[in-house]
Amino acid sequence: MADPYSKLVTSRYGRQLANRLGLPTPTPLRRYRPGDPLVSGPVLLGETEGGRLGEAVSETLRKANAETHRTRDDDAEYAALVFDATGIAGSTELGELHEFFGATIRRVGKCGRLIVLGTPPEEIDDPAERTAQRALEGFVRTAGKELKRGATAQLVHVSRGGERAIDSTLRFLLSSRSAFVSGQVIRVGAAEAPTVDEARPLRDKVALVTGASRGIGAAIAETLARDGAHVVCLDVPAQGEDLAEVANRIGGSTLQLDITAEDAPRQLIEHVGQRHDGLDIVVHNAGITRDKTIGRMSRDQWEAVLRVNLAAQERINTALLADSSPLRSGGRLVGIASISGIAGNVGQANYATSKAGVIGHVQGLAPRAAERGVTINAVAPGFIETAMTAAVPLFVREAGRRMNSLSQGGLPVDVAETIAYYADPGSAGVNGNVIRVCGQSLLGA
Ligand code: NAD
């Protein structure tokens, strides 16, 4: 799956040439295969005095039979470094980050993981503690840029009361499911998270994925089915053949529907009501582009993109959060934003507006969703290798691929794995988040 440049620089002579010219040499990322262990080597745990998450982290590692070290071994190569920084209550204590990571960051192995755990700054009253907890973000984002060989760094903000809800987040971030996610800040709120069958976490769940006939949508459908869900694959009637092919492959079913149709929310709800007892996961993946600079963009091009990418999911989600909805408690709504919606992009005013709107929609609906025991989150993909990005002119494409900490494009499965993490019943405390699946792209950083 490597792009031609990556293939070249991972060959012996190509690598020597790239090193001599100072060109990036991307490390082929390890991706999850069912049955893989959580981590492929020892994990070093560090904590500050007063930290409140050590026990929860140990429990996740114990369940995974991971070799866990609490003191540094200078000969070890670590699969992950995990540091509980929740005890840091003032800026003078931030040196503990340097103390722990200064001596260990160069011992992180290929495709290794660095995870810092903190408290959401906005939930802290004391200004000194809030300052110090906010400061963690600069450290982690820098570590993501300094790590080599496909390793990633993340900050997890855990609310007080969220201690028992971090297992799914730790499992996602430690594993190779998060291969193309780096430099992110993920928030886990207070919640009771159920214990799940890790091999089939979505067993007995019904999921619906829009735009599922190809590209990222097909990968999402496949990944949710792998995790045990029955997937209703939705796309426009013109994509019927490809849609049936995806649904057959994963043992799912199809719904041919244009999500912008006036009665699309009703049709969708009726379809699910007739065939299933309820609905658990809805992924709003369908999206279109109609690129033109603002002065040259027609009103039709503007409206078409806003209708598919934003208005359709607003209407469907409003219907799904209404009283008579088939969406069950524990339900999961997921939107697809884009780094264009965070950074803006020339020629994409309509697209970037719609995708920034998806972020606003997720954040705006999160409290209301929580009242129904539902979560709503989004992913913001960066450069993902699809038919859409293959059509981008060579130099723009190369720039898009390389301008991130991992020096390569992501795969549709990377977006899908992040969505599967949101969908996990254990992710009950993960609400209102927007995770960028972009290899820590420089755009919008
Ligand atoms: P794609 O064009 O390959 O697939 C989109 C699917 O949506 C198609 O199957 C299409 O038929 C369907 N669709 C479009 N309008 C519809 C409608 N009105 N009703 C129902 N279905 C409809 O795109 P992709 O590259 O797989 O992207 C999937 C999502 O990810 C999109 O939301 C896109 O904006 C987003 N995204 C992609 C990238 C990338 O690098 N490819 C980056 C950021 C965000």
# chains A, B, ... in the order shown; residues from 1 in each chain; ligands from 1
$ closest_atom_pairs --of "chain A" --to "ligand 1" --cutoff "6 Å" --atoms "only C-alpha atoms and all ligand atoms" --output "Markdown table"
| residue | atom | partner | partner_atom_place_in_ligand_line | distance |
| --- | --- | --- | --- | --- |
| A:Thr210 | CA | ligand 1 | 21 (N) | 5.7 |
| A:Gly211 | CA | ligand 1 | 7 (O) | 3.4 |
| A:Ala212 | CA | ligand 1 | 9 (O) | 5.7 |
| A:Ser213 | CA | ligand 1 | 9 (O) | 4.8 |
| A:Arg214 | CA | ligand 1 | 9 (O) | 5.2 |
| A:Gly215 | CA | ligand 1 | 26 (O) | 3.6 |
| A:Ile216 | CA | ligand 1 | 26 (O) | 3.8 |
| A:Gly217 | CA | ligand 1 | 26 (O) | 5.5 |
| A:Asp235 | CA | ligand 1 | 21 (N) | 4.0 |
| A:Val236 | CA | ligand 1 | 20 (C) | 4.5 |
| A:Gln239 | CA | ligand 1 | 11 (O) | 5.9 |
| A:Leu257 | CA | ligand 1 | 20 (C) | 5.9 |
| A:Asp258 | CA | ligand 1 | 19 (N) | 3.7 |
| A:Ile259 | CA | ligand 1 | 19 (N) | 4.1 |
| A:Thr260 | CA | ligand 1 | 18 (N) | 5.1 |
| A:Asn285 | CA | ligand 1 | 32 (O) | 4.7 |
| A:Ala286 | CA | ligand 1 | 7 (O) | 3.5 |
| A:Gly287 | CA | ligand 1 | 32 (O) | 3.6 |
| A:Ile288 | CA | ligand 1 | 14 (C) | 5.6 |
| A:Val308 | CA | ligand 1 | 18 (N) | 5.2 |
| A:Ile336 | CA | ligand 1 | 32 (O) | 5.3 |
| A:Ala337 | CA | ligand 1 | 44 (C) | 5.9 |
| A:Ser338 | CA | ligand 1 | 43 (C) | 4.2 |
| A:Pro381 | CA | ligand 1 | 43 (C) | 4.3 |
| A:Gly382 | CA | ligand 1 | 42 (C) | 5.1 |
| A:Phe383 | CA | ligand 1 | 40 (O) | 4.4 |
| A:Ile384 | CA | ligand 1 | 40 (O) | 3.7 |
| A:Thr386 | CA | ligand 1 | 41 (N) | 5.2 |
| A:Met388 | CA | ligand 1 | 25 (O) | 5.2 |
| A:Thr389 | CA | ligand 1 | 40 (O) | 5.7 |
$ closest_atom_pairs --of "stretch 379-421 of chain A" --to "stretch 25-49 of chain A" --cutoff "12 Å" --atoms "only C-alpha atoms" --output "tab-separated table"
residue	atom	partner	partner_atom	distance
A:Arg401	CA	A:Pro26	CA	10.4
A:Arg402	CA	A:Pro26	CA	8.6
A:Met403	CA	A:Pro26	CA	11.3
A:Asn404	CA	A:Pro26	CA	10.3
A:Ser405	CA	A:Pro26	CA	9.2
A:Leu406	CA	A:Pro26	CA	6.2
A:Ser407	CA	A:Pro26	CA	5.3
A:Gln408	CA	A:Pro26	CA	6.3
A:Gly409	CA	A:Pro26	CA	9.8
A:Gly410	CA	A:Leu29	CA	9.4
A:Leu411	CA	A:Arg31	CA	9.9
A:Pro412	CA	A:Arg31	CA	11.7
A:Val413	CA	A:Arg31	CA	8.8
A:Asp414	CA	A:Arg31	CA	8.4
A:Ala416	CA	A:Tyr32	CA	11.6
A:Glu417	CA	A:Tyr32	CA	9.0
A:Thr418	CA	A:Tyr32	CA	11.9
$ write_last_selection --atoms "all heavy atoms" --output "compact mmCIF listing (two decimals), in the first residue's frame"
# COMPACT_ATOMS: atom_id res chain seq x y z
N ARG A 401 1.07 14.70 1.05
CA ARG A 401 1.50 13.46 1.69
C ARG A 401 2.62 13.66 2.72
O ARG A 401 2.64 13.02 3.75
CB ARG A 401 2.10 12.53 0.62
CG ARG A 401 1.15 11.60 0.03
CD ARG A 401 1.93 10.59 -0.79
NE ARG A 401 0.99 9.81 -1.55
CZ ARG A 401 1.06 9.64 -2.86
NH1 ARG A 401 2.03 10.20 -3.56
NH2 ARG A 401 0.16 8.91 -3.48
N ARG A 402 3.58 14.52 2.36
CA ARG A 402 4.79 14.59 3.20
C ARG A 402 4.70 15.58 4.34
O ARG A 402 5.50 15.52 5.26
CB ARG A 402 6.02 14.97 2.36
CG ARG A 402 6.29 14.09 1.17
CD ARG A 402 6.66 12.66 1.51
NE ARG A 402 6.35 11.85 0.33
CZ ARG A 402 5.85 10.64 0.35
NH1 ARG A 402 5.62 10.03 1.48
NH2 ARG A 402 5.57 10.02 -0.77
N MET A 403 3.76 16.57 4.26
CA MET A 403 3.78 17.64 5.25
C MET A 403 3.12 17.23 6.57
O MET A 403 2.16 17.84 7.04
CB MET A 403 3.09 18.89 4.70
CG MET A 403 4.06 19.70 3.84
SD MET A 403 3.29 20.95 2.85
CE MET A 403 2.23 21.75 3.97
N ASN A 404 3.60 16.15 7.13
CA ASN A 404 3.13 15.73 8.45
C ASN A 404 4.26 14.98 9.15
O ASN A 404 5.25 14.62 8.53
CB ASN A 404 1.85 14.88 8.33
CG ASN A 404 2.07 13.59 7.57
OD1 ASN A 404 2.82 12.73 8.00
ND2 ASN A 404 1.43 13.46 6.41
N SER A 405 4.08 14.76 10.44
CA SER A 405 5.18 14.18 11.24
C SER A 405 5.55 12.77 10.80
O SER A 405 6.64 12.30 11.12
CB SER A 405 4.80 14.15 12.72
OG SER A 405 4.58 15.45 13.18
N LEU A 406 4.66 12.07 10.10
CA LEU A 406 4.96 10.70 9.69
C LEU A 406 5.39 10.62 8.23
O LEU A 406 5.69 9.55 7.71
CB LEU A 406 3.74 9.80 9.95
CG LEU A 406 3.31 9.74 11.43
CD1 LEU A 406 1.96 9.04 11.59
CD2 LEU A 406 4.36 9.04 12.28
N SER A 407 5.42 11.79 7.55
CA SER A 407 5.91 11.92 6.16
C SER A 407 5.23 10.99 5.16
O SER A 407 5.89 10.48 4.24
CB SER A 407 7.43 11.69 6.08
OG SER A 407 8.10 12.54 6.96
N GLN A 408 3.95 10.72 5.34
CA GLN A 408 3.24 9.85 4.42
C GLN A 408 1.74 10.10 4.51
O GLN A 408 1.27 10.75 5.46
CB GLN A 408 3.51 8.38 4.75
CG GLN A 408 3.14 7.98 6.16
CD GLN A 408 3.77 6.64 6.56
OE1 GLN A 408 3.42 5.62 6.01
NE2 GLN A 408 4.72 6.70 7.49
N GLY A 409 1.00 9.62 3.51
CA GLY A 409 -0.45 9.72 3.57
C GLY A 409 -1.02 8.62 4.45
O GLY A 409 -0.38 7.60 4.67
N GLY A 410 -2.23 8.85 4.95
CA GLY A 410 -2.90 7.80 5.72
C GLY A 410 -3.70 6.91 4.79
O GLY A 410 -3.81 7.17 3.58
N LEU A 411 -4.26 5.83 5.34
CA LEU A 411 -5.10 4.91 4.56
C LEU A 411 -6.54 5.04 5.06
O LEU A 411 -6.77 5.42 6.21
CB LEU A 411 -4.61 3.47 4.75
CG LEU A 411 -3.17 3.18 4.34
CD1 LEU A 411 -2.85 1.71 4.57
CD2 LEU A 411 -2.93 3.56 2.88
N PRO A 412 -7.52 4.72 4.20
CA PRO A 412 -8.92 4.77 4.66
C PRO A 412 -9.13 4.03 5.98
O PRO A 412 -9.90 4.47 6.83
CB PRO A 412 -9.68 4.10 3.51
CG PRO A 412 -8.86 4.43 2.29
CD PRO A 412 -7.42 4.39 2.76
N VAL A 413 -8.39 2.93 6.17
CA VAL A 413 -8.59 2.16 7.41
C VAL A 413 -8.20 2.97 8.65
O VAL A 413 -8.73 2.74 9.74
CB VAL A 413 -7.82 0.80 7.34
CG1 VAL A 413 -6.32 1.00 7.44
CG2 VAL A 413 -8.31 -0.16 8.41
N ASP A 414 -7.30 3.93 8.51
CA ASP A 414 -6.91 4.75 9.67
C ASP A 414 -8.09 5.59 10.16
O ASP A 414 -8.28 5.78 11.37
CB ASP A 414 -5.73 5.66 9.31
CG ASP A 414 -4.49 4.86 8.92
OD1 ASP A 414 -4.26 3.80 9.53
OD2 ASP A 414 -3.77 5.30 8.01
N ALA A 416 -11.20 4.74 9.59
CA ALA A 416 -12.17 3.74 10.05
C ALA A 416 -11.86 3.27 11.47
O ALA A 416 -12.77 3.11 12.30
CB ALA A 416 -12.18 2.55 9.09
N GLU A 417 -10.59 3.06 11.79
CA GLU A 417 -10.22 2.57 13.13
C GLU A 417 -10.57 3.62 14.20
O GLU A 417 -10.97 3.27 15.30
CB GLU A 417 -8.71 2.26 13.20
CG GLU A 417 -8.26 1.08 12.35
CD GLU A 417 -8.62 -0.29 12.93
OE1 GLU A 417 -9.42 -0.36 13.88
OE2 GLU A 417 -8.12 -1.29 12.38
N THR A 418 -10.41 4.90 13.85
CA THR A 418 -10.72 5.95 14.83
C THR A 418 -12.23 5.97 15.08
O THR A 418 -12.69 6.15 16.22
CB THR A 418 -10.22 7.31 14.31
OG1 THR A 418 -8.85 7.16 13.94
CG2 THR A 418 -10.35 8.40 15.36
$ residues_around --residues "stretch 197-205 of chain A" --least-positions-apart "6" --cutoff "6 Å" --atoms "only C-alpha atoms" --output "list in words"
Asp227, Gly228, Ala229 and Asp280 of chain A
$ atom_distance --atom1 "atom CA of A:Leu321" --atom2 "atom CA of A:Val283"
14.4 Å
$ closest_residue --among "A:Gly118, A:Gly90, A:Gly335, A:Gly426" --to "A:Gly54" --atoms "only C-alpha atoms"
A:Gly118
$ atom_distance --atom1 "atom CA of A:Gly252" --atom2 "atom CA of A:Gly273"
16.0 Å
$ atom_distance --atom1 "atom CA of A:Leu81" --atom2 "atom CA of A:Arg113"
6.3 Å
$ select_by_dssp --residues "stretch 280-443 of chain A" --states "strand (DSSP E or B)" --output "ChimeraX atom specification"
/A:280-284,292,327-336,348,375-381,384,404,410,434-437,441
$ write_last_selection --atoms "N, CA and C atoms" --output "CSV table (one decimal), in the first residue's frame"
chain,number,residue,atom,x,y,z
A,280,ASP,N,-27.7,1.7,16.6
A,280,ASP,CA,-26.7,2.0,17.6
A,280,ASP,C,-25.6,3.0,17.1
A,281,ILE,N,-25.2,2.9,15.8
A,281,ILE,CA,-24.1,3.7,15.3
A,281,ILE,C,-24.5,4.3,14.0
A,282,VAL,N,-24.3,5.6,13.9
A,282,VAL,CA,-24.5,6.2,12.5
A,282,VAL,C,-23.3,7.1,12.2
A,283,VAL,N,-22.7,6.7,11.0
A,283,VAL,CA,-21.5,7.4,10.6
A,283,VAL,C,-21.8,8.2,9.3
A,284,HIS,N,-21.7,9.6,9.5
A,284,HIS,CA,-22.1,10.5,8.3
A,284,HIS,C,-20.8,10.7,7.5
A,292,LYS,N,-13.8,25.6,-6.4
A,292,LYS,CA,-13.6,26.8,-7.1
A,292,LYS,C,-13.2,27.9,-6.1
A,327,LEU,N,-32.7,5.3,17.7
A,327,LEU,CA,-31.3,5.3,18.2
A,327,LEU,C,-31.4,4.9,19.7
A,328,ARG,N,-30.7,3.8,20.0
A,328,ARG,CA,-30.8,3.2,21.3
A,328,ARG,C,-29.8,4.0,22.3
A,329,SER,N,-30.1,3.9,23.6
A,329,SER,CA,-29.2,4.4,24.6
A,329,SER,C,-27.9,3.8,24.4
A,330,GLY,N,-26.8,4.5,24.5
A,330,GLY,CA,-25.5,4.0,24.2
A,330,GLY,C,-25.1,4.2,22.7
A,331,GLY,N,-26.0,4.9,22.0
A,331,GLY,CA,-25.8,5.2,20.6
A,331,GLY,C,-24.6,6.1,20.3
A,332,ARG,N,-24.1,6.0,19.1
A,332,ARG,CA,-22.9,6.7,18.7
A,332,ARG,C,-23.2,7.4,17.3
A,333,LEU,N,-23.0,8.8,17.3
A,333,LEU,CA,-23.1,9.5,16.1
A,333,LEU,C,-21.7,10.0,15.7
A,334,VAL,N,-21.3,9.8,14.5
A,334,VAL,CA,-20.0,10.3,14.1
A,334,VAL,C,-20.0,11.1,12.8
A,335,GLY,N,-19.4,12.2,12.8
A,335,GLY,CA,-19.3,13.0,11.6
A,335,GLY,C,-17.9,13.0,11.0
A,336,ILE,N,-17.7,13.3,9.7
A,336,ILE,CA,-16.4,13.4,9.1
A,336,ILE,C,-16.1,14.8,8.8
A,348,GLN,N,-11.6,25.8,-1.8
A,348,GLN,CA,-12.5,24.9,-1.0
A,348,GLN,C,-13.4,25.7,0.0
A,375,THR,N,-23.3,9.4,22.4
A,375,THR,CA,-22.1,10.3,22.1
A,375,THR,C,-22.1,10.8,20.7
A,376,ILE,N,-21.6,12.0,20.4
A,376,ILE,CA,-21.4,12.5,19.1
A,376,ILE,C,-20.0,13.0,19.0
A,377,ASN,N,-19.2,12.6,18.0
A,377,ASN,CA,-17.8,12.9,17.8
A,377,ASN,C,-17.5,13.1,16.3
A,378,ALA,N,-16.4,13.6,16.0
A,378,ALA,CA,-16.0,13.7,14.6
A,378,ALA,C,-14.5,13.3,14.4
A,379,VAL,N,-14.2,12.9,13.2
A,379,VAL,CA,-12.8,12.7,12.8
A,379,VAL,C,-12.5,13.8,11.8
A,380,ALA,N,-11.3,14.3,11.7
A,380,ALA,CA,-10.9,15.2,10.7
A,380,ALA,C,-9.7,14.6,10.0
A,381,PRO,N,-10.0,13.9,8.8
A,381,PRO,CA,-8.9,13.3,8.1
A,381,PRO,C,-8.0,14.4,7.5
A,384,ILE,N,-5.5,11.4,2.9
A,384,ILE,CA,-5.8,9.9,2.9
A,384,ILE,C,-5.7,9.4,1.5
A,404,ASN,N,3.6,16.1,7.1
A,404,ASN,CA,3.1,15.7,8.4
A,404,ASN,C,4.3,15.0,9.1
A,410,GLY,N,-2.2,8.9,5.0
A,410,GLY,CA,-2.9,7.8,5.7
A,410,GLY,C,-3.7,6.9,4.8
A,434,VAL,N,-13.0,16.0,18.4
A,434,VAL,CA,-12.7,16.0,17.0
A,434,VAL,C,-11.2,15.5,16.9
A,435,ILE,N,-11.0,14.3,16.5
A,435,ILE,CA,-9.6,13.7,16.4
A,435,ILE,C,-9.2,13.9,14.9
A,436,ARG,N,-8.0,14.5,14.8
A,436,ARG,CA,-7.5,14.6,13.4
A,436,ARG,C,-6.7,13.3,13.1
A,437,VAL,N,-7.1,12.7,11.9
A,437,VAL,CA,-6.4,11.5,11.5
A,437,VAL,C,-5.5,12.0,10.3
A,441,SER,N,-0.5,16.6,10.7
A,441,SER,CA,-0.2,17.5,9.6
A,441,SER,C,0.2,18.9,10.0
$ select_by_dssp --residues "stretch 143-318 of chain A" --states "helix (DSSP H, G or I)" --output "PyMOL selection string"
chain A and resi 143-146+163-165+167-174+176-178+215-226+237-250+264-275+294-296+299-318
$ closest_residue --among "A:Glu241, A:Asp291, A:Glu270, A:Glu96" --to "A:Val392" --atoms "only C-alpha atoms"
A:Asp291
$ closest_residue --among "A:Leu224, A:Ala423, A:Ala319, A:Leu306" --to "A:Leu268" --atoms "only C-alpha atoms"
A:Ala319
$ decode --residues "stretch 72-95 of chain A" --atoms "N, CA and C atoms" --output "PDB file, in the first residue's frame"
ATOM      1  N   ARG A  72      13.080   2.735  34.988  1.00  0.00           N
ATOM      2  CA  ARG A  72      13.727   2.747  33.674  1.00  0.00           C
ATOM      3  C   ARG A  72      14.786   1.649  33.572  1.00  0.00           C
ATOM      4  N   ASP A  73      14.774   0.986  32.424  1.00  0.00           N
ATOM      5  CA  ASP A  73      15.819   0.011  32.132  1.00  0.00           C
ATOM      6  C   ASP A  73      16.560   0.573  30.923  1.00  0.00           C
ATOM      7  N   ASP A  74      17.820   0.937  31.123  1.00  0.00           N
ATOM      8  CA  ASP A  74      18.543   1.641  30.056  1.00  0.00           C
ATOM      9  C   ASP A  74      18.837   0.773  28.841  1.00  0.00           C
ATOM     10  N   ASP A  75      18.618  -0.539  28.958  1.00  0.00           N
ATOM     11  CA  ASP A  75      18.849  -1.407  27.789  1.00  0.00           C
ATOM     12  C   ASP A  75      17.555  -1.692  27.031  1.00  0.00           C
ATOM     13  N   ALA A  76      16.418  -1.298  27.602  1.00  0.00           N
ATOM     14  CA  ALA A  76      15.137  -1.673  26.983  1.00  0.00           C
ATOM     15  C   ALA A  76      14.787  -0.760  25.808  1.00  0.00           C
ATOM     16  N   GLU A  77      14.093  -1.360  24.818  1.00  0.00           N
ATOM     17  CA  GLU A  77      13.457  -0.536  23.780  1.00  0.00           C
ATOM     18  C   GLU A  77      11.966  -0.607  24.092  1.00  0.00           C
ATOM     19  N   TYR A  78      11.348   0.554  24.321  1.00  0.00           N
ATOM     20  CA  TYR A  78       9.965   0.562  24.788  1.00  0.00           C
ATOM     21  C   TYR A  78       8.959   0.640  23.647  1.00  0.00           C
ATOM     22  N   ALA A  79       7.882  -0.155  23.781  1.00  0.00           N
ATOM     23  CA  ALA A  79       6.768  -0.051  22.826  1.00  0.00           C
ATOM     24  C   ALA A  79       5.960   1.202  23.152  1.00  0.00           C
ATOM     25  N   ALA A  80       5.961   1.596  24.425  1.00  0.00           N
ATOM     26  CA  ALA A  80       5.202   2.793  24.807  1.00  0.00           C
ATOM     27  C   ALA A  80       5.736   3.381  26.103  1.00  0.00           C
ATOM     28  N   LEU A  81       5.644   4.705  26.184  1.00  0.00           N
ATOM     29  CA  LEU A  81       5.907   5.434  27.425  1.00  0.00           C
ATOM     30  C   LEU A  81       4.587   6.074  27.814  1.00  0.00           C
ATOM     31  N   VAL A  82       4.114   5.812  29.031  1.00  0.00           N
ATOM     32  CA  VAL A  82       2.848   6.405  29.482  1.00  0.00           C
ATOM     33  C   VAL A  82       3.127   7.180  30.769  1.00  0.00           C
ATOM     34  N   PHE A  83       2.744   8.444  30.789  1.00  0.00           N
ATOM     35  CA  PHE A  83       3.048   9.287  31.945  1.00  0.00           C
ATOM     36  C   PHE A  83       1.778   9.927  32.481  1.00  0.00           C
ATOM     37  N   ASP A  84       1.461   9.635  33.735  1.00  0.00           N
ATOM     38  CA  ASP A  84       0.288  10.237  34.385  1.00  0.00           C
ATOM     39  C   ASP A  84       0.704  11.581  34.977  1.00  0.00           C
ATOM     40  N   ALA A  85       0.315  12.660  34.287  1.00  0.00           N
ATOM     41  CA  ALA A  85       0.716  14.003  34.718  1.00  0.00           C
ATOM     42  C   ALA A  85      -0.403  14.711  35.483  1.00  0.00           C
ATOM     43  N   THR A  86      -1.432  13.952  35.902  1.00  0.00           N
ATOM     44  CA  THR A  86      -2.574  14.612  36.559  1.00  0.00           C
ATOM     45  C   THR A  86      -2.186  15.222  37.912  1.00  0.00           C
ATOM     46  N   GLY A  87      -1.047  14.767  38.467  1.00  0.00           N
ATOM     47  CA  GLY A  87      -0.629  15.322  39.760  1.00  0.00           C
ATOM     48  C   GLY A  87       0.098  16.655  39.630  1.00  0.00           C
ATOM     49  N   ILE A  88       0.411  17.085  38.426  1.00  0.00           N
ATOM     50  CA  ILE A  88       1.158  18.339  38.247  1.00  0.00           C
ATOM     51  C   ILE A  88       0.228  19.514  38.518  1.00  0.00           C
ATOM     52  N   ALA A  89       0.542  20.272  39.597  1.00  0.00           N
ATOM     53  CA  ALA A  89      -0.397  21.306  40.057  1.00  0.00           C
ATOM     54  C   ALA A  89       0.141  22.718  39.876  1.00  0.00           C
ATOM     55  N   GLY A  90       1.342  22.848  39.298  1.00  0.00           N
ATOM     56  CA  GLY A  90       1.896  24.188  39.091  1.00  0.00           C
ATOM     57  C   GLY A  90       3.044  24.121  38.098  1.00  0.00           C
ATOM     58  N   SER A  91       3.385  25.262  37.509  1.00  0.00           N
ATOM     59  CA  SER A  91       4.368  25.243  36.417  1.00  0.00           C
ATOM     60  C   SER A  91       5.748  24.783  36.878  1.00  0.00           C
ATOM     61  N   THR A  92       6.073  24.975  38.174  1.00  0.00           N
ATOM     62  CA  THR A  92       7.405  24.541  38.617  1.00  0.00           C
ATOM     63  C   THR A  92       7.522  23.014  38.630  1.00  0.00           C
ATOM     64  N   GLU A  93       6.391  22.331  38.571  1.00  0.00           N
ATOM     65  CA  GLU A  93       6.435  20.853  38.570  1.00  0.00           C
ATOM     66  C   GLU A  93       6.539  20.274  37.159  1.00  0.00           C
ATOM     67  N   LEU A  94       6.487  21.155  36.135  1.00  0.00           N
ATOM     68  CA  LEU A  94       6.520  20.642  34.757  1.00  0.00           C
ATOM     69  C   LEU A  94       7.852  19.965  34.417  1.00  0.00           C
ATOM     70  N   GLY A  95       8.881  20.267  35.206  1.00  0.00           N
ATOM     71  CA  GLY A  95      10.186  19.627  34.999  1.00  0.00           C
ATOM     72  C   GLY A  95      10.097  18.111  35.105  1.00  0.00           C
TER      73      GLY A  95
END
